[in-house]
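input-v4.pdb follows (PDB, C-alpha atoms):
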MODEL        1
ATOM      1  CA  MET A   1     -55.963  21.353 -52.887  1.00  0.00           C
ATOM      2  CA  SER A   2     -54.174  22.109 -49.609  1.00  0.00           C
ATOM      3  CA  ILE A   3     -56.709  23.154 -46.965  1.00  0.00           C
ATOM      4  CA  ASP A   4     -53.887  24.272 -44.671  1.00  0.00           C
ATOM      5  CA  LYS A   5     -52.493  26.587 -47.366  1.00  0.00           C
ATOM      6  CA  ILE A   6     -55.911  28.028 -48.132  1.00  0.00           C
ATOM      7  CA  ASP A   7     -56.549  28.713 -44.453  1.00  0.00           C
ATOM      8  CA  GLU A   8     -53.094  30.302 -44.115  1.00  0.00           C
ATOM      9  CA  HIS A   9     -53.629  32.590 -47.076  1.00  0.00           C
ATOM     10  CA  ARG A  10     -57.105  33.571 -45.935  1.00  0.00           C
ATOM     11  CA  GLU A  11     -55.621  34.638 -42.622  1.00  0.00           C
ATOM     12  CA  PHE A  12     -53.177  36.830 -44.509  1.00  0.00           C
ATOM     13  CA  LEU A  13     -56.137  38.681 -46.016  1.00  0.00           C
ATOM     14  CA  LYS A  14     -57.408  39.569 -42.547  1.00  0.00           C
ATOM     15  CA  ASP A  15     -56.012  42.341 -40.347  1.00  0.00           C
ATOM     16  CA  SER A  16     -55.645  40.094 -37.296  1.00  0.00           C
ATOM     17  CA  LEU A  17     -51.842  40.248 -37.408  1.00  0.00           C
ATOM     18  CA  ARG A  18     -51.844  43.937 -36.484  1.00  0.00           C
ATOM     19  CA  GLN A  19     -53.178  43.103 -33.007  1.00  0.00           C
ATOM     20  CA  THR A  20     -50.081  41.002 -32.281  1.00  0.00           C
ATOM     21  CA  ILE A  21     -47.463  43.645 -33.192  1.00  0.00           C
ATOM     22  CA  ASN A  22     -45.784  45.980 -30.742  1.00  0.00           C
ATOM     23  CA  PHE A  23     -45.233  49.022 -32.952  1.00  0.00           C
ATOM     24  CA  ARG A  24     -42.808  50.538 -30.428  1.00  0.00           C
ATOM     25  CA  PHE A  25     -40.196  48.209 -31.919  1.00  0.00           C
ATOM     26  CA  THR A  26     -40.555  49.366 -35.512  1.00  0.00           C
ATOM     27  CA  ASP A  27     -37.601  51.104 -37.133  1.00  0.00           C
ATOM     28  CA  GLN A  28     -39.645  54.298 -37.314  1.00  0.00           C
ATOM     29  CA  TYR A  29     -40.353  54.270 -33.569  1.00  0.00           C
ATOM     30  CA  GLN A  30     -36.684  53.488 -32.866  1.00  0.00           C
ATOM     31  CA  GLY A  31     -35.658  56.700 -34.628  1.00  0.00           C
ATOM     32  CA  ILE A  32     -34.082  55.111 -37.691  1.00  0.00           C
ATOM     33  CA  ALA A  33     -34.237  57.406 -40.715  1.00  0.00           C
ATOM     34  CA  PRO A  34     -36.831  56.432 -43.332  1.00  0.00           C
ATOM     35  CA  PRO A  35     -35.759  54.960 -46.662  1.00  0.00           C
ATOM     36  CA  PRO A  36     -35.666  57.460 -49.551  1.00  0.00           C
ATOM     37  CA  VAL A  37     -38.691  58.304 -51.665  1.00  0.00           C
ATOM     38  CA  GLN A  38     -37.010  56.860 -54.754  1.00  0.00           C
ATOM     39  CA  LYS A  39     -34.004  54.701 -55.544  1.00  0.00           C
ATOM     40  CA  PRO A  40     -30.916  56.715 -56.416  1.00  0.00           C
ATOM     41  CA  HIS A  41     -29.677  56.484 -59.963  1.00  0.00           C
ATOM     42  CA  ARG A  42     -26.108  55.983 -61.073  1.00  0.00           C
ATOM     43  CA  GLN A  43     -24.157  59.159 -61.731  1.00  0.00           C
ATOM     44  CA  GLU A  44     -23.457  58.211 -65.332  1.00  0.00           C
ATOM     45  CA  GLN A  45     -27.166  57.716 -66.124  1.00  0.00           C
ATOM     46  CA  LYS A  46     -28.508  60.635 -68.126  1.00  0.00           C
ATOM     47  CA  LEU A  47     -31.890  61.986 -67.080  1.00  0.00           C
ATOM     48  CA  ILE A  48     -34.490  62.066 -69.842  1.00  0.00           C
ATOM     49  CA  SER A  49     -36.838  64.923 -68.995  1.00  0.00           C
ATOM     50  CA  LEU A  50     -40.541  64.290 -69.507  1.00  0.00           C
ATOM     51  CA  PRO A  51     -43.157  66.805 -70.696  1.00  0.00           C
ATOM     52  CA  THR A  52     -44.773  68.600 -67.773  1.00  0.00           C
ATOM     53  CA  GLN A  53     -48.398  69.379 -66.991  1.00  0.00           C
ATOM     54  CA  GLU A  54     -48.430  72.446 -69.225  1.00  0.00           C
ATOM     55  CA  LYS A  55     -48.178  70.054 -72.196  1.00  0.00           C
ATOM     56  CA  TRP A  56     -51.215  68.056 -71.089  1.00  0.00           C
ATOM     57  CA  SER A  57     -53.857  70.732 -71.716  1.00  0.00           C
ATOM     58  CA  SER A  58     -55.229  68.754 -74.659  1.00  0.00           C
ATOM     59  CA  LEU A  59     -55.922  65.838 -72.311  1.00  0.00           C
ATOM     60  CA  ARG A  60     -58.289  67.851 -70.113  1.00  0.00           C
ATOM     61  CA  GLY A  61     -62.007  67.294 -70.442  1.00  0.00           C
ATOM     62  CA  THR A  62     -62.222  63.508 -70.002  1.00  0.00           C
ATOM     63  CA  ASP A  63     -65.351  62.948 -67.938  1.00  0.00           C
ATOM     64  CA  LEU A  64     -64.672  60.883 -64.828  1.00  0.00           C
ATOM     65  CA  LEU A  65     -68.004  59.099 -65.107  1.00  0.00           C
ATOM     66  CA  ASP A  66     -67.193  58.156 -68.707  1.00  0.00           C
ATOM     67  CA  ALA A  67     -63.703  56.993 -67.743  1.00  0.00           C
ATOM     68  CA  ILE A  68     -65.054  54.724 -65.008  1.00  0.00           C
ATOM     69  CA  SER A  69     -67.875  53.437 -67.215  1.00  0.00           C
ATOM     70  CA  ASN A  70     -65.588  52.697 -70.190  1.00  0.00           C
ATOM     71  CA  ARG A  71     -62.747  51.178 -68.188  1.00  0.00           C
ATOM     72  CA  LYS A  72     -62.054  47.552 -69.068  1.00  0.00           C
ATOM     73  CA  SER A  73     -59.056  45.319 -69.614  1.00  0.00           C
ATOM     74  CA  GLN A  74     -57.696  45.613 -73.141  1.00  0.00           C
ATOM     75  CA  ARG A  75     -55.407  42.955 -74.619  1.00  0.00           C
ATOM     76  CA  ARG A  76     -55.265  44.123 -78.229  1.00  0.00           C
ATOM     77  CA  TYR A  77     -53.333  47.235 -79.235  1.00  0.00           C
ATOM     78  CA  ARG A  78     -52.891  49.104 -82.473  1.00  0.00           C
ATOM     79  CA  ALA A  79     -49.424  49.208 -84.015  1.00  0.00           C
ATOM     80  CA  GLU A  80     -49.121  52.882 -83.143  1.00  0.00           C
ATOM     81  CA  VAL A  81     -46.408  54.833 -81.370  1.00  0.00           C
ATOM     82  CA  LEU A  82     -47.133  56.247 -77.922  1.00  0.00           C
ATOM     83  CA  SER A  83     -46.114  59.886 -77.594  1.00  0.00           C
ATOM     84  CA  LEU A  84     -43.740  61.016 -74.874  1.00  0.00           C
ATOM     85  CA  THR A  85     -46.409  63.429 -73.601  1.00  0.00           C
ATOM     86  CA  GLU A  86     -48.919  60.586 -73.234  1.00  0.00           C
ATOM     87  CA  LEU A  87     -46.360  58.441 -71.420  1.00  0.00           C
ATOM     88  CA  SER A  88     -45.486  61.356 -69.154  1.00  0.00           C
ATOM     89  CA  PHE A  89     -49.141  61.818 -68.222  1.00  0.00           C
ATOM     90  CA  LEU A  90     -49.587  58.111 -67.447  1.00  0.00           C
ATOM     91  CA  LEU A  91     -46.497  58.083 -65.223  1.00  0.00           C
ATOM     92  CA  TRP A  92     -47.612  61.162 -63.307  1.00  0.00           C
ATOM     93  CA  SER A  93     -51.103  59.693 -62.903  1.00  0.00           C
ATOM     94  CA  THR A  94     -49.769  56.501 -61.355  1.00  0.00           C
ATOM     95  CA  GLN A  95     -46.777  57.564 -59.247  1.00  0.00           C
ATOM     96  CA  GLY A  96     -46.342  61.304 -59.702  1.00  0.00           C
ATOM     97  CA  ILE A  97     -45.285  63.401 -56.733  1.00  0.00           C
ATOM     98  CA  LYS A  98     -47.452  66.383 -55.807  1.00  0.00           C
ATOM     99  CA  GLU A  99     -45.443  67.516 -52.786  1.00  0.00           C
ATOM    100  CA  GLU A 100     -42.413  66.335 -50.821  1.00  0.00           C
ATOM    101  CA  LEU A 101     -43.214  66.508 -47.113  1.00  0.00           C
ATOM    102  CA  GLY A 102     -39.809  65.712 -45.692  1.00  0.00           C
ATOM    103  CA  LEU A 103     -37.183  62.994 -45.537  1.00  0.00           C
ATOM    104  CA  GLY A 104     -38.567  59.830 -47.104  1.00  0.00           C
ATOM    105  CA  THR A 105     -42.138  61.125 -47.441  1.00  0.00           C
ATOM    106  CA  ALA A 106     -44.076  62.583 -50.367  1.00  0.00           C
ATOM    107  CA  LEU A 107     -47.684  63.051 -51.404  1.00  0.00           C
ATOM    108  CA  ARG A 108     -48.442  61.329 -54.684  1.00  0.00           C
ATOM    109  CA  THR A 109     -51.358  60.990 -57.074  1.00  0.00           C
ATOM    110  CA  VAL A 110     -52.372  57.657 -55.471  1.00  0.00           C
ATOM    111  CA  PRO A 111     -52.998  56.740 -51.822  1.00  0.00           C
ATOM    112  CA  SER A 112     -50.608  54.543 -49.856  1.00  0.00           C
ATOM    113  CA  ALA A 113     -50.743  53.192 -46.304  1.00  0.00           C
ATOM    114  CA  GLY A 114     -48.787  55.560 -44.071  1.00  0.00           C
ATOM    115  CA  CYS A 115     -47.692  57.536 -47.148  1.00  0.00           C
ATOM    116  CA  ARG A 116     -44.954  54.943 -47.684  1.00  0.00           C
ATOM    117  CA  HIS A 117     -45.356  54.323 -51.450  1.00  0.00           C
ATOM    118  CA  PRO A 118     -43.178  51.196 -51.607  1.00  0.00           C
ATOM    119  CA  PHE A 119     -42.834  50.974 -55.394  1.00  0.00           C
ATOM    120  CA  GLU A 120     -40.537  51.819 -58.272  1.00  0.00           C
ATOM    121  CA  THR A 121     -41.924  52.116 -61.797  1.00  0.00           C
ATOM    122  CA  TYR A 122     -40.046  50.391 -64.607  1.00  0.00           C
ATOM    123  CA  LEU A 123     -40.976  50.622 -68.279  1.00  0.00           C
ATOM    124  CA  LEU A 124     -40.337  48.008 -70.942  1.00  0.00           C
ATOM    125  CA  ILE A 125     -40.356  50.366 -73.909  1.00  0.00           C
ATOM    126  CA  LEU A 126     -40.792  49.041 -77.434  1.00  0.00           C
ATOM    127  CA  ASN A 127     -42.468  51.878 -79.365  1.00  0.00           C
ATOM    128  CA  VAL A 128     -42.470  55.257 -77.632  1.00  0.00           C
ATOM    129  CA  GLU A 129     -41.672  58.517 -79.401  1.00  0.00           C
ATOM    130  CA  GLY A 130     -38.002  59.476 -79.106  1.00  0.00           C
ATOM    131  CA  LEU A 131     -36.961  56.542 -76.893  1.00  0.00           C
ATOM    132  CA  GLU A 132     -34.769  53.587 -77.740  1.00  0.00           C
ATOM    133  CA  VAL A 133     -35.990  50.073 -77.074  1.00  0.00           C
ATOM    134  CA  GLY A 134     -35.012  49.098 -73.552  1.00  0.00           C
ATOM    135  CA  VAL A 135     -35.768  49.005 -69.845  1.00  0.00           C
ATOM    136  CA  TYR A 136     -36.297  52.407 -68.223  1.00  0.00           C
ATOM    137  CA  ARG A 137     -37.102  53.613 -64.697  1.00  0.00           C
ATOM    138  CA  TYR A 138     -39.255  56.560 -63.709  1.00  0.00           C
ATOM    139  CA  LEU A 139     -37.831  59.151 -61.315  1.00  0.00           C
ATOM    140  CA  PRO A 140     -40.904  60.851 -59.798  1.00  0.00           C
ATOM    141  CA  ILE A 141     -38.932  63.541 -57.952  1.00  0.00           C
ATOM    142  CA  GLU A 142     -37.401  64.859 -61.180  1.00  0.00           C
ATOM    143  CA  HIS A 143     -40.322  63.664 -63.355  1.00  0.00           C
ATOM    144  CA  ALA A 144     -37.789  62.061 -65.648  1.00  0.00           C
ATOM    145  CA  LEU A 145     -36.682  58.708 -66.993  1.00  0.00           C
ATOM    146  CA  ILE A 146     -33.370  56.896 -66.887  1.00  0.00           C
ATOM    147  CA  LEU A 147     -32.321  54.085 -69.174  1.00  0.00           C
ATOM    148  CA  GLU A 148     -31.503  51.041 -67.089  1.00  0.00           C
ATOM    149  CA  ASN A 149     -30.719  48.674 -69.922  1.00  0.00           C
ATOM    150  CA  LYS A 150     -30.724  49.095 -73.698  1.00  0.00           C
ATOM    151  CA  ASP A 151     -31.984  45.748 -75.006  1.00  0.00           C
ATOM    152  CA  GLU A 152     -32.722  45.246 -78.707  1.00  0.00           C
ATOM    153  CA  ASP A 153     -33.976  41.708 -77.924  1.00  0.00           C
ATOM    154  CA  LEU A 154     -36.500  42.957 -75.394  1.00  0.00           C
ATOM    155  CA  VAL A 155     -39.577  42.027 -77.414  1.00  0.00           C
ATOM    156  CA  GLU A 156     -38.477  38.370 -77.495  1.00  0.00           C
ATOM    157  CA  LYS A 157     -38.017  38.328 -73.710  1.00  0.00           C
ATOM    158  CA  ILE A 158     -41.343  39.790 -72.621  1.00  0.00           C
ATOM    159  CA  ALA A 159     -43.698  36.915 -73.488  1.00  0.00           C
ATOM    160  CA  PRO A 160     -41.618  34.213 -71.724  1.00  0.00           C
ATOM    161  CA  ALA A 161     -41.321  36.466 -68.669  1.00  0.00           C
ATOM    162  CA  THR A 162     -45.127  36.812 -68.625  1.00  0.00           C
ATOM    163  CA  LEU A 163     -45.781  33.072 -68.862  1.00  0.00           C
ATOM    164  CA  GLY A 164     -46.569  33.124 -72.562  1.00  0.00           C
ATOM    165  CA  GLN A 165     -49.021  36.039 -72.542  1.00  0.00           C
ATOM    166  CA  VAL A 166     -47.930  37.158 -75.996  1.00  0.00           C
ATOM    167  CA  PHE A 167     -50.150  40.266 -76.095  1.00  0.00           C
ATOM    168  CA  THR A 168     -47.782  41.910 -73.594  1.00  0.00           C
ATOM    169  CA  ALA A 169     -45.067  42.071 -76.260  1.00  0.00           C
ATOM    170  CA  ALA A 170     -47.451  43.778 -78.711  1.00  0.00           C
ATOM    171  CA  ALA A 171     -47.808  46.888 -76.541  1.00  0.00           C
ATOM    172  CA  PRO A 172     -45.586  49.948 -77.091  1.00  0.00           C
ATOM    173  CA  VAL A 173     -44.838  50.018 -73.355  1.00  0.00           C
ATOM    174  CA  VAL A 174     -45.264  47.701 -70.387  1.00  0.00           C
ATOM    175  CA  PHE A 175     -45.496  49.299 -66.947  1.00  0.00           C
ATOM    176  CA  VAL A 176     -43.806  47.100 -64.333  1.00  0.00           C
ATOM    177  CA  TRP A 177     -43.960  47.962 -60.651  1.00  0.00           C
ATOM    178  CA  SER A 178     -41.374  46.605 -58.268  1.00  0.00           C
ATOM    179  CA  ALA A 179     -41.885  46.473 -54.521  1.00  0.00           C
ATOM    180  CA  LEU A 180     -39.283  47.658 -52.029  1.00  0.00           C
ATOM    181  CA  PRO A 181     -40.898  46.185 -48.889  1.00  0.00           C
ATOM    182  CA  TYR A 182     -38.684  47.982 -46.386  1.00  0.00           C
ATOM    183  CA  ARG A 183     -40.280  51.340 -47.231  1.00  0.00           C
ATOM    184  CA  SER A 184     -43.443  50.007 -45.605  1.00  0.00           C
ATOM    185  CA  GLU A 185     -41.780  47.637 -43.111  1.00  0.00           C
ATOM    186  CA  TRP A 186     -39.971  50.651 -41.647  1.00  0.00           C
ATOM    187  CA  ARG A 187     -43.348  51.795 -40.260  1.00  0.00           C
ATOM    188  CA  TYR A 188     -45.471  48.653 -40.097  1.00  0.00           C
ATOM    189  CA  THR A 189     -42.964  45.766 -39.757  1.00  0.00           C
ATOM    190  CA  SER A 190     -44.726  42.452 -40.616  1.00  0.00           C
ATOM    191  CA  ALA A 191     -48.090  44.193 -41.062  1.00  0.00           C
ATOM    192  CA  ALA A 192     -46.647  45.950 -44.125  1.00  0.00           C
ATOM    193  CA  HIS A 193     -47.054  43.191 -46.667  1.00  0.00           C
ATOM    194  CA  ARG A 194     -50.833  43.032 -46.740  1.00  0.00           C
ATOM    195  CA  VAL A 195     -51.167  46.778 -47.340  1.00  0.00           C
ATOM    196  CA  ILE A 196     -48.435  46.756 -50.009  1.00  0.00           C
ATOM    197  CA  LEU A 197     -50.736  44.602 -52.121  1.00  0.00           C
ATOM    198  CA  MET A 198     -53.594  47.032 -51.574  1.00  0.00           C
ATOM    199  CA  ASP A 199     -51.385  49.969 -52.518  1.00  0.00           C
ATOM    200  CA  VAL A 200     -50.295  48.499 -55.845  1.00  0.00           C
ATOM    201  CA  GLY A 201     -53.961  48.068 -56.753  1.00  0.00           C
ATOM    202  CA  HIS A 202     -54.491  51.804 -56.266  1.00  0.00           C
ATOM    203  CA  VAL A 203     -51.615  52.478 -58.654  1.00  0.00           C
ATOM    204  CA  CYS A 204     -52.917  50.236 -61.440  1.00  0.00           C
ATOM    205  CA  GLN A 205     -56.479  51.515 -61.184  1.00  0.00           C
ATOM    206  CA  ASN A 206     -55.173  55.034 -61.785  1.00  0.00           C
ATOM    207  CA  LEU A 207     -53.445  53.687 -64.900  1.00  0.00           C
ATOM    208  CA  TYR A 208     -56.721  52.244 -66.167  1.00  0.00           C
ATOM    209  CA  LEU A 209     -58.523  55.568 -65.709  1.00  0.00           C
ATOM    210  CA  ALA A 210     -55.665  57.680 -67.105  1.00  0.00           C
ATOM    211  CA  CYS A 211     -55.563  55.476 -70.214  1.00  0.00           C
ATOM    212  CA  GLU A 212     -59.113  56.588 -71.004  1.00  0.00           C
ATOM    213  CA  ALA A 213     -57.853  60.164 -71.416  1.00  0.00           C
ATOM    214  CA  VAL A 214     -55.283  59.249 -74.090  1.00  0.00           C
ATOM    215  CA  GLY A 215     -57.151  56.657 -76.151  1.00  0.00           C
ATOM    216  CA  CYS A 216     -55.196  53.784 -74.653  1.00  0.00           C
ATOM    217  CA  GLY A 217     -56.042  50.531 -72.970  1.00  0.00           C
ATOM    218  CA  THR A 218     -54.290  48.351 -70.445  1.00  0.00           C
ATOM    219  CA  CYS A 219     -54.595  44.988 -68.735  1.00  0.00           C
ATOM    220  CA  ALA A 220     -53.330  44.331 -65.221  1.00  0.00           C
ATOM    221  CA  ILE A 221     -51.089  41.263 -64.996  1.00  0.00           C
ATOM    222  CA  ALA A 222     -50.259  39.407 -61.811  1.00  0.00           C
ATOM    223  CA  ALA A 223     -49.136  36.152 -63.473  1.00  0.00           C
ATOM    224  CA  TYR A 224     -45.484  36.167 -64.522  1.00  0.00           C
ATOM    225  CA  ASN A 225     -42.216  34.310 -64.090  1.00  0.00           C
ATOM    226  CA  GLN A 226     -40.786  35.980 -60.989  1.00  0.00           C
ATOM    227  CA  GLU A 227     -37.161  35.146 -61.717  1.00  0.00           C
ATOM    228  CA  LEU A 228     -37.275  36.196 -65.372  1.00  0.00           C
ATOM    229  CA  MET A 229     -39.089  39.444 -64.623  1.00  0.00           C
ATOM    230  CA  ASP A 230     -36.656  40.375 -61.854  1.00  0.00           C
ATOM    231  CA  GLN A 231     -33.750  39.626 -64.186  1.00  0.00           C
ATOM    232  CA  LEU A 232     -35.334  41.785 -66.884  1.00  0.00           C
ATOM    233  CA  LEU A 233     -35.576  44.730 -64.467  1.00  0.00           C
ATOM    234  CA  GLY A 234     -32.135  44.098 -62.990  1.00  0.00           C
ATOM    235  CA  VAL A 235     -33.400  43.840 -59.388  1.00  0.00           C
ATOM    236  CA  ASP A 236     -32.151  41.464 -56.709  1.00  0.00           C
ATOM    237  CA  GLY A 237     -35.412  39.597 -56.061  1.00  0.00           C
ATOM    238  CA  GLU A 238     -35.081  40.024 -52.289  1.00  0.00           C
ATOM    239  CA  ASP A 239     -35.036  43.674 -51.243  1.00  0.00           C
ATOM    240  CA  GLU A 240     -36.704  44.613 -54.526  1.00  0.00           C
ATOM    241  CA  PHE A 241     -38.820  42.449 -56.805  1.00  0.00           C
ATOM    242  CA  THR A 242     -41.537  42.596 -59.442  1.00  0.00           C
ATOM    243  CA  ILE A 243     -45.035  42.749 -57.968  1.00  0.00           C
ATOM    244  CA  TYR A 244     -47.421  43.863 -60.760  1.00  0.00           C
ATOM    245  CA  MET A 245     -47.401  44.910 -64.389  1.00  0.00           C
ATOM    246  CA  ALA A 246     -49.620  46.277 -67.154  1.00  0.00           C
ATOM    247  CA  PRO A 247     -49.038  46.691 -70.902  1.00  0.00           C
ATOM    248  CA  VAL A 248     -50.374  49.902 -72.447  1.00  0.00           C
ATOM    249  CA  GLY A 249     -51.236  50.670 -76.051  1.00  0.00           C
ATOM    250  CA  LYS A 250     -53.645  52.487 -78.343  1.00  0.00           C
ATOM    251  CA  VAL A 251     -57.033  50.799 -78.771  1.00  0.00           C
TER     252      VAL A 251
ENDMDL
END
Could you show the structure in this file as structure tokens?
Amino acid sequence: MSIDKIDEHREFLKDSLRQTINFRFTDQYQGIAPPPVQKPHRQEQKLISLPTQEKWSSLRGTDLLDAISNRKSQRRYRAEVLSLTELSFLLWSTQGIKEELGLGTALRTVPSAGCRHPFETYLLILNVEGLEVGVYRYLPIEHALILENKDEDLVEKIAPATLGQVFTAAAPVVFVWSALPYRSEWRYTSAAHRVILMDVGHVCQNLYLACEAVGCGTCAIAAYNQELMDQLLGVDGEDEFTIYMAPVGKV
């Protein structure tokens, strides 16, 4: 056990760094335009529209106290298809946009330090109504999906990418969040990274609670093969990389 490493990482958990930063030198203070709310998609990628809130009326009525009380990590899922309406609701609950405030800024269904929301949502879809097996990305502005990569061998790739956690490949969908650190660095420079980790926790907790409304379960996963997961998403591993994930299925 490295005492030096433990001490270093404990310091990272503290907010002492903020006192050493001159925020007048951030890109925001220097007048540089903020990064966009979401990554652009390629022109040839067809948008797959998702059901909107009007379709979710049957999901109303879940008691918040019950949802919090019943919430737990679930690693076993029924071999049952997830409907597109259910998936749509889970996506909106975790990264949906309620209002765009201006260039690079939007209010979402989860809190984020400085309203920066430094994540993209990818979906490893194996058994969702009307969708082919493959890697998809959520576009919160349009409330739509795009297919990033059709991959018929996806189920065989998920367990190795999650360090042998085979239950991940039994879920109809795996939510994978990538971090784009510059969205937060633009405002907070080196103080961004600590709050990015807090922010992604907000996102996954909303997934846990939203799952209670649709008879699903999930299990947050922070242990994975970084290189394999980044390859699976098709991200560069530097300016964008996997940071958290959670399989979802009926329980």
Please report, as lines of an AutoDock Vina configuration file, the centre and edge lengths in Å to one decimal of an axis-aligned box covering all listed atoms of stretch 13-26 of chain A with 8 Å per side.
center_x = -48.8
center_y = 44.6
center_z = -38.2
size_x = 33.2
size_y = 27.9
size_z = 31.6
Contacts of stretch 130-137 of chain A at 6 Å (all atoms listed in the file; same-chain gap of 4+ positions) as a PDB file with C-alpha atoms, in the coordinates of the input:
ATOM      1  CA  THR A 121     -41.924  52.116 -61.797  1.00  0.00           C
ATOM      2  CA  TYR A 122     -40.046  50.391 -64.607  1.00  0.00           C
ATOM      3  CA  LEU A 123     -40.976  50.622 -68.279  1.00  0.00           C
ATOM      4  CA  LEU A 124     -40.337  48.008 -70.942  1.00  0.00           C
ATOM      5  CA  ILE A 125     -40.356  50.366 -73.909  1.00  0.00           C
ATOM      6  CA  LEU A 126     -40.792  49.041 -77.434  1.00  0.00           C
ATOM      7  CA  LEU A 145     -36.682  58.708 -66.993  1.00  0.00           C
ATOM      8  CA  ILE A 146     -33.370  56.896 -66.887  1.00  0.00           C
ATOM      9  CA  LEU A 147     -32.321  54.085 -69.174  1.00  0.00           C
ATOM     10  CA  GLU A 148     -31.503  51.041 -67.089  1.00  0.00           C
ATOM     11  CA  ASN A 149     -30.719  48.674 -69.922  1.00  0.00           C
ATOM     12  CA  LYS A 150     -30.724  49.095 -73.698  1.00  0.00           C
ATOM     13  CA  ASP A 151     -31.984  45.748 -75.006  1.00  0.00           C
TER      14      ASP A 151
END
With only C-alpha atoms as the counted atoms, please give the residues lying no more than 9 Å from A:Tyr224, apart from itself and same-chain residues fewer than 3 positions off, as an mmCIF file with C-alpha atoms, keeping the file's coordinate frame.
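Result saved to around_31.cif:
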data_model
loop_
_atom_site.group_PDB
_atom_site.id
_atom_site.type_symbol
_atom_site.label_atom_id
_atom_site.label_comp_id
_atom_site.auth_asym_id
_atom_site.auth_seq_id
_atom_site.Cartn_x
_atom_site.Cartn_y
_atom_site.Cartn_z
ATOM 1 C CA PRO A 160 -41.618 34.213 -71.724
ATOM 2 C CA ALA A 161 -41.321 36.466 -68.669
ATOM 3 C CA THR A 162 -45.127 36.812 -68.625
ATOM 4 C CA LEU A 163 -45.781 33.072 -68.862
ATOM 5 C CA GLY A 164 -46.569 33.124 -72.562
ATOM 6 C CA GLN A 165 -49.021 36.039 -72.542
ATOM 7 C CA ILE A 221 -51.089 41.263 -64.996
ATOM 8 C CA GLU A 227 -37.161 35.146 -61.717
ATOM 9 C CA LEU A 228 -37.275 36.196 -65.372
ATOM 10 C CA MET A 229 -39.089 39.444 -64.623
ATOM 11 C CA TYR A 244 -47.421 43.863 -60.760
ATOM 12 C CA MET A 245 -47.401 44.910 -64.389
#
Which residues come within 10 Å of A:Phe167, counting all atoms listed in the file, excluding same-chain residues fewer than 6 positions away, as a PyMOL selection string? chain A and resi 74-77+158-159+219+247
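Computed from the coordinates, the atom CA of A:Leu232 to atom CA of A:Pro35 distance equals 24.1 Å.
Between atom CA of A:Tyr208 and atom CA of A:Val248 there is a distance of 9.2 Å.
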Please write the residues picked by the PyMOL selection byres ((chain A and resi 13) around 12) on this file as an NGL selection string. :A and (6-12 or 14-18 or 191 or 193-198)
Run the PyMOL selection byres ((chain A and resi 189) around 9) against the file shown and list the residues it catches, as a VMD selection string. chain A and resid 21 23 25 to 27 182 184 to 188 190 to 193
Have a look at A:Gly31, A:Gly104, A:Pro40, A:Gly215 and name the one nearest to A:Lys250; count all atoms listed in the file.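 Among A:Gly31, A:Gly104, A:Pro40, A:Gly215, it is A:Gly215 that comes nearest to A:Lys250.
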The PyMOL selection byres ((chain A and resi 80) around 12) - which residues does that actually catch in the file I just gave you? List them as an MDAnalysis selection string. chainID A and resid 76:79 81:83 126:129 170:173 215:216 248:251
Selected residues written out with C-alpha atoms, as an mmCIF file, in the frame of the given file:
data_model
loop_
_atom_site.group_PDB
_atom_site.id
_atom_site.type_symbol
_atom_site.label_atom_id
_atom_site.label_comp_id
_atom_site.auth_asym_id
_atom_site.auth_seq_id
_atom_site.Cartn_x
_atom_site.Cartn_y
_atom_site.Cartn_z
ATOM 1 C CA ARG A 76 -55.265 44.123 -78.229
ATOM 2 C CA TYR A 77 -53.333 47.235 -79.235
ATOM 3 C CA ARG A 78 -52.891 49.104 -82.473
ATOM 4 C CA ALA A 79 -49.424 49.208 -84.015
ATOM 5 C CA VAL A 81 -46.408 54.833 -81.370
ATOM 6 C CA LEU A 82 -47.133 56.247 -77.922
ATOM 7 C CA SER A 83 -46.114 59.886 -77.594
ATOM 8 C CA LEU A 126 -40.792 49.041 -77.434
ATOM 9 C CA ASN A 127 -42.468 51.878 -79.365
ATOM 10 C CA VAL A 128 -42.470 55.257 -77.632
ATOM 11 C CA GLU A 129 -41.672 58.517 -79.401
ATOM 12 C CA ALA A 170 -47.451 43.778 -78.711
ATOM 13 C CA ALA A 171 -47.808 46.888 -76.541
ATOM 14 C CA PRO A 172 -45.586 49.948 -77.091
ATOM 15 C CA VAL A 173 -44.838 50.018 -73.355
ATOM 16 C CA GLY A 215 -57.151 56.657 -76.151
ATOM 17 C CA CYS A 216 -55.196 53.784 -74.653
ATOM 18 C CA VAL A 248 -50.374 49.902 -72.447
ATOM 19 C CA GLY A 249 -51.236 50.670 -76.051
ATOM 20 C CA LYS A 250 -53.645 52.487 -78.343
ATOM 21 C CA VAL A 251 -57.033 50.799 -78.771
#
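Closest approach to A:Thr62 from the set A:Asp236, A:Asp199, A:Glu212, A:Asp230 is made by A:Glu212, with distances taken over only C-alpha atoms.
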Among listed residues A:Glu100, A:Phe241, A:Arg71, A:Val174, nearest A:Phe119 (using all atoms listed in the file):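 Of A:Glu100, A:Phe241, A:Arg71, A:Val174, the one nearest A:Phe119, counting all atoms listed in the file, is A:Phe241.
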Which distance in Å separates atom CA of A:Thr52 and atom CA of A:Cys115, to one decimal? 23.6 Å
Can you work out which one of A:Ala213, A:Leu87, A:Val203, A:Leu47 has the shortest atom-to-atom distance to A:Val110, counting only C-alpha atoms?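 Of all the options, A:Val203 lies closest to A:Val110.
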Between A:His143, A:Ala106, A:Ser88, A:Leu233, which residue has the minimum interatomic distance to A:Lys157, considering all atoms listed in the file?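 Selected residue with least distance to A:Lys157: A:Leu233.
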